[in-house]
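**Student:** Structure below; questions to follow.
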Amino acid sequence: MGLSKTYYCKKNGNYYQVLFEDLINQFCYVIVVSKRGDYKEGPYRYDIITFEAEIIRNEYEIKTSHPAFPFRNEEQLKPSDIFKRDERLALIKPIISSVPLCYNSLWVKKKISELIKEHTAEKKPSRYKYLSSLRKYQCGGEKPNALLSNYLMCGGGGKEREPKNNRLGRSSDAPFEMSLSKKNKEVIKEHYLKNCASNHANRISDAYNQFLTKYFSTSGELMERYPTISQYVYWGRKLNNIANLKSAKVGEINYKKDYAPLIGNGRDQNKLFGIGSEAQLDTTKDDTHALSLVLENTYIGRMTFFLLIDTASAMPLGILLIPDEPHYETTCLCLTNAASDKVAFCEKLGIPINPEDWPAHHLPSKILSDLGLLFGKKRSSIVNNLKIEIDNCAPFRPDLKPVVESYIGKILRSIAGILNGHGLVNKRDSPRIATDTKKQAILNYNQILKLMVHEILYFIKHEPIHDYPMSPEMLQIDLLPTPLNLWNYYMENGMCAFIDIPDNLELLLLPQKMCAFSDDGIRFEGDDWICTTHEGKEIYKTLLFGKKAEKLSVSFSSIDTTKVYLFSNGIFYPLSPRLQNVNQQTFYEVRLNKKRLSALKRNSRSAKNSAAIKKVHAQQQIINEAKRKAKQHGDIKTTETVDSKNVDKKHYHETEASGKAPIKLQQEENSIKKHALPDFTEDL
């Protein structure tokens, strides 16, 4: 006795279609179909005895057919449905004609590839179209009508109810309320997103009136039925999810930066060996108006807050709060703080702690940061000198480094409670008449840093990390996952990957630049620099006359022009400008002065060109006058009978010494000719 075609399993709700049965060799092919008629698994090859035992064990019910593939009369089918069915059937006919090979997945994939290559049409059928048609044909019991569209348990195209004049469902108090179609809801979705969510100044009632005017009025008159304001708000908020509304309101970039959820804990156990294997670095503006540390009772603005935190344990390695913008040099100050002893650091702030309270004085082997902090050529100093790997996140993606992002938010939220009314920045919509929070500032940035350090000391001891991936060993010893406990656990088990901190850390963190040799030294920032020590001069000569004399490495501090060094073989040799013309404190001021000089030259270029034109014009007039006189006199006399040079010399001394006006030589020559030489007309 053979098997039935269709079986139903109550336990999992799936249907099992028997596609092929070989009674001689005692095997069959079975495909698993979902309750909705979708393909799930298979086809699988079973021994008939094994499959019959599974039918008895799982209490499969015998069915005549799958409910998603009912019998359909050919006469009731539309011509378009028949055309689609026959087209798909012709597409898979070369495959289903080979039985039982058509149930072998590997053979089917190879056959589909061959059919695609052999297809002559310009737009060849895709691999997905072949495979989906074949699976649909097999799920329907290998009947041609299985390739027709399946409308079971779905609102397929063409089945949506048309809106009527009367309001469907519950009765409404508004006689004009209408039943919304799918098109009406899409219009409400787009209009609400554009005019309510994105437009801050627009009220909901105003947006609703604009909506009715645009879509449900003709010549200024409302239609008989139109959506109520409740329908407008309900469908506008429902079809636009919360993320879309917030993104439209604040902008996509600001949403990703400030409002996007921080998914995950940022700790991949396959990549993290332990503490020090990765640290996350981030910076933000502090939420407190600060006073100056130097000028008493003087407001200086909001500080920049840096935090370097270990990814594995959430232990803060370095912290910095300074009145400066985030750039490479200030980031290096945070790294210097990470390598320093926290007992001495807290002692400077007036906070007494023990070494075991904050035992972090290390540098990690990898840093994950934003593009702006450790990006570009400057980071080569950290990579080459300290052997620290730098990994940069995509812009406006705080979810890629959630450990430091959540920690910064936690610190700022914690101190905000006690700073309310003492210079705390009001980020929410404030009333029209409100106190200026800048005038409420009472703390300098050193005192604000003290508050943050107290919060850090509390967090690392008493605040467990939420959803920390605990290892079996941690669970065995009942480890409370606070940053300090995790740090000590990793240190005791030797699971750390810190780098060795050199003595000249500040010099190694200086940015480096490849510079060229000039005739008078090393060309750097538009000036020639020379070595000030004897050892440096010897190294310079060695590099200059060596085989590789094209480029050399210069380490410098952009905020201090006195810290410029020639870097060679791990040794720093101080440099100074050859002409001593760099008197500014920072290279920014040096470049600014050069730009000012260039601007002055550009501004004086017009007057310079005008003076040059006048000069050339005057010189041309002199030459033209000389040409005119030479043309009148004829050829130049070159006779040596008259000492013409002495005559001019005597004339020059007489006229210049006495201050008399020079005598015209032409008149003198005419008088000589008139008195000294006889006139030939008298002899006649």
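Labels used: A, B, ... for chains in the order of the structure tokens, numbers from 1 for residues in each chain, and numbers from 1 for ligands as shown.
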Could the residues of segment 44-78 of chain A that have an atom at most 12 Å from segment 15-24 of chain A be listed as a tab-separated table, each with its closest atom pair and the distance in Å to one decimal, counting only C-alpha atoms and ordered by chain and ascending residue number?
**Tutor:**
residue	atom	partner	partner_atom	distance
A:Tyr44	CA	A:Val18	CA	9.7
A:Arg45	CA	A:Phe20	CA	9.4
A:Tyr46	CA	A:Glu21	CA	9.6
A:Asp47	CA	A:Asp22	CA	9.6
A:Ile48	CA	A:Glu21	CA	8.2
A:Ile49	CA	A:Leu23	CA	10.8
A:Phe51	CA	A:Val18	CA	10.3
A:Glu52	CA	A:Val18	CA	11.8
A:Glu54	CA	A:Tyr16	CA	11.5
A:Ile55	CA	A:Tyr16	CA	10.1
A:Tyr60	CA	A:Tyr16	CA	9.0
A:Glu61	CA	A:Tyr15	CA	9.4
A:Ile62	CA	A:Tyr16	CA	9.7
A:Lys63	CA	A:Tyr15	CA	9.1
A:Thr64	CA	A:Gln17	CA	10.6
A:Ser65	CA	A:Gln17	CA	8.8
A:His66	CA	A:Tyr15	CA	7.3
A:Pro67	CA	A:Tyr15	CA	9.8
A:Ala68	CA	A:Tyr15	CA	10.6
A:Phe69	CA	A:Tyr15	CA	12.0
**Student:** Would you mind exporting C-alpha atoms of the selected residues as a short mmCIF file (atom, residue, chain, number, x, y, z; two decimals), in the first residue's frame?
**Tutor:**
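Ended up saving to part.cif:
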data_model
loop_
_atom_site.label_atom_id
_atom_site.label_comp_id
_atom_site.auth_asym_id
_atom_site.auth_seq_id
_atom_site.Cartn_x
_atom_site.Cartn_y
_atom_site.Cartn_z
CA TYR A 44 14.03 15.40 1.75
CA ARG A 45 14.65 11.75 0.88
CA TYR A 46 13.15 9.29 3.39
CA ASP A 47 13.03 5.54 3.67
CA ILE A 48 9.35 4.63 3.44
CA ILE A 49 9.54 2.58 6.65
CA PHE A 51 8.61 7.98 7.25
CA GLU A 52 5.70 5.71 8.20
CA GLU A 54 7.36 9.19 11.95
CA ILE A 55 3.72 9.49 10.82
CA TYR A 60 0.10 12.98 11.30
CA GLU A 61 -3.39 13.46 9.86
CA ILE A 62 -4.14 12.47 6.28
CA LYS A 63 -5.53 15.31 4.15
CA THR A 64 -6.87 15.29 0.62
CA SER A 65 -4.95 18.50 -0.25
CA HIS A 66 -3.39 21.60 1.25
CA PRO A 67 -6.02 24.28 2.09
CA ALA A 68 -3.88 26.95 0.41
CA PHE A 69 -4.17 25.12 -2.93
#
**Student:** Could you pull out the strand (DSSP E or B) residues of segment 377-570 of chain A, going by DSSP on the backbone, and write them as a VMD selection string?
**Tutor:** chain A and resid 389 to 392 424 444 496 499 512 to 518 521 to 524 527 to 531 551 to 557 560 to 568
**Student:** How far is it from atom CA of Ile388 of chain A to atom CA of Leu508 of chain A, in Å with one decimal?
**Tutor:**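 Interatomic distance, atom CA of Ile388 of chain A to atom CA of Leu508 of chain A: 11.8 Å.
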**Student:** Got a sec to tell me which of segment 467-605 of chain A DSSP assigns to helix (DSSP H, G or I), as a VMD selection string?
**Tutor:** chain A and resid 472 to 476 483 to 492 505 to 508 534 to 544 587 to 603 605
**Student:** Excluding Ser80 of chain A and its own-chain neighbours fewer than 6 positions away, which residues fall within 12 Å of it when counting only C-alpha atoms? Please give them as a PyMOL selection string.
**Tutor:** chain A and resi 86-87+148-149
**Student:** Of the candidates A:Leu373, A:Asn493, A:Lys93, A:Glu186, which one gets nearest to Pro144 of chain A if we count only C-alpha atoms?
**Tutor:**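 Of all the options, A:Lys93 lies closest to Pro144 of chain A.
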**Student:** I'd like the contact shell of Asp282 of chain A - 8 Å cut-off, only C-alpha atoms, skipping same-chain residues fewer than 2 positions apart - returned as a compact mmCIF listing (two decimals) with all heavy atoms, in the first residue's frame.
**Tutor:**
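Full text of part.txt as output:
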# COMPACT_ATOMS: atom_id res chain seq x y z
N GLN A 280 37.64 52.66 23.94
CA GLN A 280 36.81 53.55 23.14
C GLN A 280 37.01 54.98 23.61
O GLN A 280 36.99 55.26 24.81
CB GLN A 280 35.34 53.15 23.25
CG GLN A 280 35.06 51.76 22.71
CD GLN A 280 33.60 51.37 22.81
OE1 GLN A 280 32.74 52.20 23.10
NE2 GLN A 280 33.31 50.10 22.56
N THR A 284 32.77 65.29 23.95
CA THR A 284 31.51 66.01 23.81
C THR A 284 31.63 67.32 24.58
O THR A 284 32.57 67.54 25.34
CB THR A 284 30.33 65.18 24.37
OG1 THR A 284 29.11 65.85 24.09
CG2 THR A 284 30.46 64.99 25.86
N PHE A 306 36.64 64.88 27.45
CA PHE A 306 37.23 63.70 26.82
C PHE A 306 37.11 62.52 27.78
O PHE A 306 37.28 62.68 29.00
CB PHE A 306 38.72 63.91 26.51
CG PHE A 306 38.99 64.85 25.37
CD1 PHE A 306 38.97 66.22 25.56
CD2 PHE A 306 39.25 64.37 24.10
CE1 PHE A 306 39.23 67.09 24.52
CE2 PHE A 306 39.52 65.23 23.05
CZ PHE A 306 39.50 66.59 23.27
N LEU A 307 36.87 61.33 27.21
CA LEU A 307 36.84 60.12 28.03
C LEU A 307 37.37 58.95 27.22
O LEU A 307 36.89 58.68 26.12
CB LEU A 307 35.42 59.82 28.52
CG LEU A 307 35.28 58.63 29.47
CD1 LEU A 307 36.04 58.90 30.76
CD2 LEU A 307 33.82 58.33 29.77
N LEU A 308 38.37 58.27 27.76
CA LEU A 308 38.92 57.03 27.19
C LEU A 308 38.57 55.91 28.15
O LEU A 308 38.95 55.93 29.32
CB LEU A 308 40.44 57.15 27.02
CG LEU A 308 41.15 55.92 26.46
CD1 LEU A 308 40.76 55.69 25.00
CD2 LEU A 308 42.66 56.07 26.59
N SER A 369 37.77 55.32 17.87
CA SER A 369 37.39 56.73 18.06
C SER A 369 36.66 57.24 16.83
O SER A 369 36.52 56.53 15.82
CB SER A 369 38.63 57.59 18.33
OG SER A 369 39.42 57.69 17.16
N ASP A 370 36.22 58.50 16.92
CA ASP A 370 35.58 59.16 15.79
C ASP A 370 36.62 59.56 14.75
O ASP A 370 37.83 59.49 14.99
CB ASP A 370 34.82 60.41 16.26
CG ASP A 370 33.63 60.05 17.13
OD1 ASP A 370 33.03 58.99 16.86
OD2 ASP A 370 33.31 60.81 18.05
N VAL A 404 31.50 53.87 25.59
CA VAL A 404 31.90 55.22 26.00
C VAL A 404 30.75 56.20 25.84
O VAL A 404 30.61 57.14 26.64
CB VAL A 404 33.14 55.66 25.19
CG1 VAL A 404 32.81 55.83 23.71
CG2 VAL A 404 33.72 56.95 25.74
N GLU A 405 29.89 56.00 24.85
CA GLU A 405 28.76 56.91 24.66
C GLU A 405 27.79 56.84 25.85
O GLU A 405 27.35 57.87 26.37
CB GLU A 405 28.02 56.56 23.36
CG GLU A 405 28.80 56.82 22.09
CD GLU A 405 28.85 58.28 21.70
OE1 GLU A 405 28.18 59.09 22.37
OE2 GLU A 405 29.57 58.61 20.74
**Student:** Give me the residues within 10 Å of Cys531 of chain A as a ChimeraX atom specification, counting only C-alpha atoms and dropping any in the same chain fewer than 2 places off.
**Tutor:** /A:521-522,529,533-540,564-566,573-578
**Student:** Generate the output file for the selected residues, N, CA and C atoms, as a JSON list (two decimals), in the first residue's frame.
**Tutor:**
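File produced: again_15.json:
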[["chain", "number", "residue", "atom", "x", "y", "z"],
["A", 521, "GLY", "N", 69.20, 74.06, 5.74],
["A", 521, "GLY", "CA", 68.69, 73.29, 6.86],
["A", 521, "GLY", "C", 67.55, 72.38, 6.44],
["A", 522, "ILE", "N", 66.54, 72.31, 7.32],
["A", 522, "ILE", "CA", 65.37, 71.46, 7.10],
["A", 522, "ILE", "C", 64.17, 72.38, 6.84],
["A", 529, "TRP", "N", 64.95, 75.22, 9.37],
["A", 529, "TRP", "CA", 65.24, 74.89, 10.76],
["A", 529, "TRP", "C", 66.56, 74.14, 10.83],
["A", 533, "THR", "N", 71.90, 71.11, 18.86],
["A", 533, "THR", "CA", 72.90, 70.35, 19.62],
["A", 533, "THR", "C", 73.94, 69.76, 18.68],
["A", 534, "HIS", "N", 75.09, 69.42, 19.25],
["A", 534, "HIS", "CA", 76.17, 68.85, 18.46],
["A", 534, "HIS", "C", 75.77, 67.49, 17.89],
["A", 535, "GLU", "N", 75.09, 66.68, 18.72],
["A", 535, "GLU", "CA", 74.67, 65.36, 18.23],
["A", 535, "GLU", "C", 73.67, 65.50, 17.08],
["A", 536, "GLY", "N", 72.78, 66.48, 17.21],
["A", 536, "GLY", "CA", 71.80, 66.69, 16.15],
["A", 536, "GLY", "C", 72.46, 67.12, 14.84],
["A", 537, "LYS", "N", 73.46, 67.95, 14.93],
["A", 537, "LYS", "CA", 74.16, 68.39, 13.71],
["A", 537, "LYS", "C", 74.88, 67.23, 13.04],
["A", 538, "GLU", "N", 75.45, 66.33, 13.85],
["A", 538, "GLU", "CA", 76.13, 65.18, 13.27],
["A", 538, "GLU", "C", 75.13, 64.24, 12.58],
["A", 539, "ILE", "N", 73.99, 64.03, 13.22],
["A", 539, "ILE", "CA", 72.96, 63.19, 12.60],
["A", 539, "ILE", "C", 72.44, 63.84, 11.32],
["A", 540, "TYR", "N", 72.30, 65.16, 11.35],
["A", 540, "TYR", "CA", 71.82, 65.88, 10.15],
["A", 540, "TYR", "C", 72.81, 65.69, 8.99],
["A", 564, "VAL", "N", 60.01, 71.52, 18.56],
["A", 564, "VAL", "CA", 60.21, 70.98, 17.21],
["A", 564, "VAL", "C", 61.48, 70.13, 17.26],
["A", 565, "TYR", "N", 61.37, 68.88, 16.79],
["A", 565, "TYR", "CA", 62.48, 67.95, 16.94],
["A", 565, "TYR", "C", 62.71, 67.19, 15.64],
["A", 566, "LEU", "N", 63.98, 66.89, 15.38],
["A", 566, "LEU", "CA", 64.35, 65.95, 14.33],
["A", 566, "LEU", "C", 64.31, 64.55, 14.95],
["A", 573, "TYR", "N", 66.00, 65.21, 18.46],
["A", 573, "TYR", "CA", 67.03, 66.26, 18.46],
["A", 573, "TYR", "C", 66.33, 67.60, 18.27],
["A", 574, "PRO", "N", 66.47, 68.55, 19.21],
["A", 574, "PRO", "CA", 65.73, 69.82, 19.12],
["A", 574, "PRO", "C", 66.18, 70.65, 17.92],
["A", 575, "LEU", "N", 65.21, 71.37, 17.34],
["A", 575, "LEU", "CA", 65.44, 72.24, 16.19],
["A", 575, "LEU", "C", 65.01, 73.66, 16.54],
["A", 576, "SER", "N", 65.60, 74.62, 15.85],
["A", 576, "SER", "CA", 65.22, 76.03, 15.99],
["A", 576, "SER", "C", 65.27, 76.68, 14.62],
["A", 577, "PRO", "N", 64.49, 77.75, 14.40],
["A", 577, "PRO", "CA", 64.52, 78.42, 13.08],
["A", 577, "PRO", "C", 65.87, 79.09, 12.83],
["A", 578, "ARG", "N", 66.35, 78.97, 11.62],
["A", 578, "ARG", "CA", 67.69, 79.49, 11.30],
["A", 578, "ARG", "C", 67.73, 81.01, 11.41]]
**Student:** Could you name the residues that touch Leu317 of chain A at 8 Å or less, counting only C-alpha atoms, but leaving out those on the same chain fewer than 2 positions away, as a PyMOL selection string?
**Tutor:** chain A and resi 307-310+315+319+337-339+360-363
**Student:** Any chance you could export the current selection's C-alpha atoms as an mmCIF file, in the first residue's frame?
**Tutor:**
data_model
loop_
_atom_site.group_PDB
_atom_site.id
_atom_site.type_symbol
_atom_site.label_atom_id
_atom_site.label_comp_id
_atom_site.auth_asym_id
_atom_site.auth_seq_id
_atom_site.Cartn_x
_atom_site.Cartn_y
_atom_site.Cartn_z
ATOM 1 C CA LEU A 307 36.838 60.119 28.033
ATOM 2 C CA LEU A 308 38.915 57.034 27.193
ATOM 3 C CA ILE A 309 37.293 53.869 28.524
ATOM 4 C CA ASP A 310 38.295 50.205 28.384
ATOM 5 C CA MET A 315 37.033 51.085 33.397
ATOM 6 C CA ILE A 319 39.602 61.798 31.532
ATOM 7 C CA ASN A 337 46.274 61.261 31.511
ATOM 8 C CA ALA A 338 45.474 57.585 30.820
ATOM 9 C CA ALA A 339 49.126 56.651 31.338
ATOM 10 C CA ALA A 360 44.145 52.378 35.756
ATOM 11 C CA HIS A 361 47.443 53.860 34.551
ATOM 12 C CA HIS A 362 47.786 52.038 31.232
ATOM 13 C CA LEU A 363 47.529 52.560 27.482
#
**Student:** Hey, what's within 10 Å of Ala314 of chain A if we count only C-alpha atoms and toss same-chain stuff fewer than 5 positions away? As an NGL selection string, please?
**Tutor:** :A and (275 or 279-280 or 308-309 or 403-404 or 407 or 459-460 or 465 or 481-484 or 486-487)
**Student:** Those same residues - all heavy atoms - I'd like them written as a compact mmCIF listing (two decimals), in the first residue's frame.
**Tutor:**
# COMPACT_ATOMS: atom_id res chain seq x y z
N ILE A 275 41.18 43.07 29.20
CA ILE A 275 41.33 44.52 29.35
C ILE A 275 42.57 44.98 28.59
O ILE A 275 43.58 44.30 28.52
CB ILE A 275 41.43 44.90 30.85
CG1 ILE A 275 42.55 44.11 31.53
CG2 ILE A 275 40.12 44.67 31.55
CD1 ILE A 275 42.78 44.50 32.97
N ALA A 279 40.05 50.07 23.60
CA ALA A 279 39.48 51.16 24.39
C ALA A 279 38.72 52.08 23.44
O ALA A 279 39.11 52.25 22.29
CB ALA A 279 40.56 51.93 25.14
N GLN A 280 37.64 52.66 23.94
CA GLN A 280 36.81 53.55 23.14
C GLN A 280 37.01 54.98 23.61
O GLN A 280 36.99 55.26 24.81
CB GLN A 280 35.34 53.15 23.25
CG GLN A 280 35.06 51.76 22.71
CD GLN A 280 33.60 51.37 22.81
OE1 GLN A 280 32.74 52.20 23.10
NE2 GLN A 280 33.31 50.10 22.56
N LEU A 308 38.37 58.27 27.76
CA LEU A 308 38.92 57.03 27.19
C LEU A 308 38.57 55.91 28.15
O LEU A 308 38.95 55.93 29.32
CB LEU A 308 40.44 57.15 27.02
CG LEU A 308 41.15 55.92 26.46
CD1 LEU A 308 40.76 55.69 25.00
CD2 LEU A 308 42.66 56.07 26.59
N ILE A 309 37.82 54.91 27.65
CA ILE A 309 37.29 53.87 28.52
C ILE A 309 37.62 52.50 27.94
O ILE A 309 37.56 52.29 26.72
CB ILE A 309 35.77 54.06 28.71
CG1 ILE A 309 35.23 53.12 29.78
CG2 ILE A 309 35.02 53.89 27.43
CD1 ILE A 309 33.82 53.47 30.20
N VAL A 403 29.85 51.75 24.53
CA VAL A 403 30.36 51.74 25.91
C VAL A 403 30.69 53.14 26.37
O VAL A 403 30.22 53.62 27.42
CB VAL A 403 31.59 50.81 26.02
CG1 VAL A 403 32.13 50.83 27.43
CG2 VAL A 403 31.22 49.39 25.62
N VAL A 404 31.50 53.87 25.59
CA VAL A 404 31.90 55.22 26.00
C VAL A 404 30.75 56.20 25.84
O VAL A 404 30.61 57.14 26.64
CB VAL A 404 33.14 55.66 25.19
CG1 VAL A 404 32.81 55.83 23.71
CG2 VAL A 404 33.72 56.95 25.74
N TYR A 407 28.50 55.79 28.84
CA TYR A 407 29.19 56.21 30.06
C TYR A 407 29.22 57.73 30.17
O TYR A 407 29.03 58.29 31.25
CB TYR A 407 30.61 55.65 30.06
CG TYR A 407 31.11 55.26 31.43
CD1 TYR A 407 31.08 53.94 31.85
CD2 TYR A 407 31.61 56.21 32.30
CE1 TYR A 407 31.54 53.58 33.10
CE2 TYR A 407 32.06 55.86 33.56
CZ TYR A 407 32.03 54.54 33.96
OH TYR A 407 32.47 54.19 35.21
N PHE A 459 30.90 55.03 40.24
CA PHE A 459 30.45 54.09 39.22
C PHE A 459 31.32 52.84 39.16
O PHE A 459 30.81 51.71 39.08
CB PHE A 459 30.44 54.76 37.84
CG PHE A 459 29.25 55.64 37.61
CD1 PHE A 459 29.38 56.86 36.98
CD2 PHE A 459 27.99 55.24 38.02
CE1 PHE A 459 28.29 57.67 36.77
CE2 PHE A 459 26.88 56.05 37.82
CZ PHE A 459 27.04 57.28 37.19
N ILE A 460 32.64 53.02 39.19
CA ILE A 460 33.51 51.87 38.99
C ILE A 460 33.46 50.90 40.19
O ILE A 460 33.83 49.74 40.06
CB ILE A 460 34.97 52.31 38.73
CG1 ILE A 460 35.55 53.06 39.92
CG2 ILE A 460 35.06 53.12 37.46
CD1 ILE A 460 36.99 53.50 39.72
N ILE A 465 27.38 46.62 35.47
CA ILE A 465 27.14 46.84 34.05
C ILE A 465 25.94 46.01 33.62
O ILE A 465 25.89 44.80 33.85
CB ILE A 465 28.38 46.46 33.23
CG1 ILE A 465 29.58 47.30 33.69
CG2 ILE A 465 28.14 46.68 31.74
CD1 ILE A 465 30.88 46.88 33.06
N PRO A 481 29.39 42.33 38.21
CA PRO A 481 30.11 42.95 37.07
C PRO A 481 30.22 44.47 37.17
O PRO A 481 29.71 45.21 36.32
CB PRO A 481 29.27 42.53 35.87
CG PRO A 481 27.90 42.36 36.40
CD PRO A 481 28.05 41.87 37.81
N THR A 482 30.89 44.95 38.22
CA THR A 482 31.24 46.36 38.26
C THR A 482 32.58 46.54 37.55
O THR A 482 33.36 45.59 37.43
CB THR A 482 31.37 46.85 39.71
OG1 THR A 482 32.42 46.10 40.36
CG2 THR A 482 30.06 46.64 40.47
N PRO A 483 32.88 47.75 37.04
CA PRO A 483 34.16 47.94 36.33
C PRO A 483 35.38 47.55 37.15
O PRO A 483 36.32 46.95 36.62
CB PRO A 483 34.15 49.44 36.00
CG PRO A 483 32.70 49.78 35.90
CD PRO A 483 32.02 48.93 36.93
N LEU A 484 35.37 47.87 38.46
CA LEU A 484 36.54 47.56 39.29
C LEU A 484 36.67 46.05 39.49
O LEU A 484 37.80 45.51 39.44
CB LEU A 484 36.41 48.27 40.63
CG LEU A 484 37.63 48.20 41.55
CD1 LEU A 484 38.84 48.81 40.86
CD2 LEU A 484 37.35 48.90 42.87
N LEU A 486 35.58 43.65 37.46
CA LEU A 486 36.00 43.07 36.18
C LEU A 486 37.47 43.34 35.92
O LEU A 486 38.20 42.47 35.43
CB LEU A 486 35.13 43.64 35.06
CG LEU A 486 33.66 43.23 35.06
CD1 LEU A 486 32.88 44.04 34.04
CD2 LEU A 486 33.52 41.74 34.76
N TRP A 487 37.93 44.54 36.25
CA TRP A 487 39.33 44.90 36.06
C TRP A 487 40.24 43.99 36.88
O TRP A 487 41.23 43.44 36.37
CB TRP A 487 39.53 46.36 36.43
CG TRP A 487 40.93 46.88 36.28
CD1 TRP A 487 41.94 46.77 37.19
CD2 TRP A 487 41.47 47.57 35.16
NE1 TRP A 487 43.08 47.36 36.71
CE2 TRP A 487 42.82 47.86 35.46
CE3 TRP A 487 40.97 47.98 33.95
CZ2 TRP A 487 43.65 48.55 34.58
CZ3 TRP A 487 41.79 48.66 33.07
CH2 TRP A 487 43.11 48.93 33.38
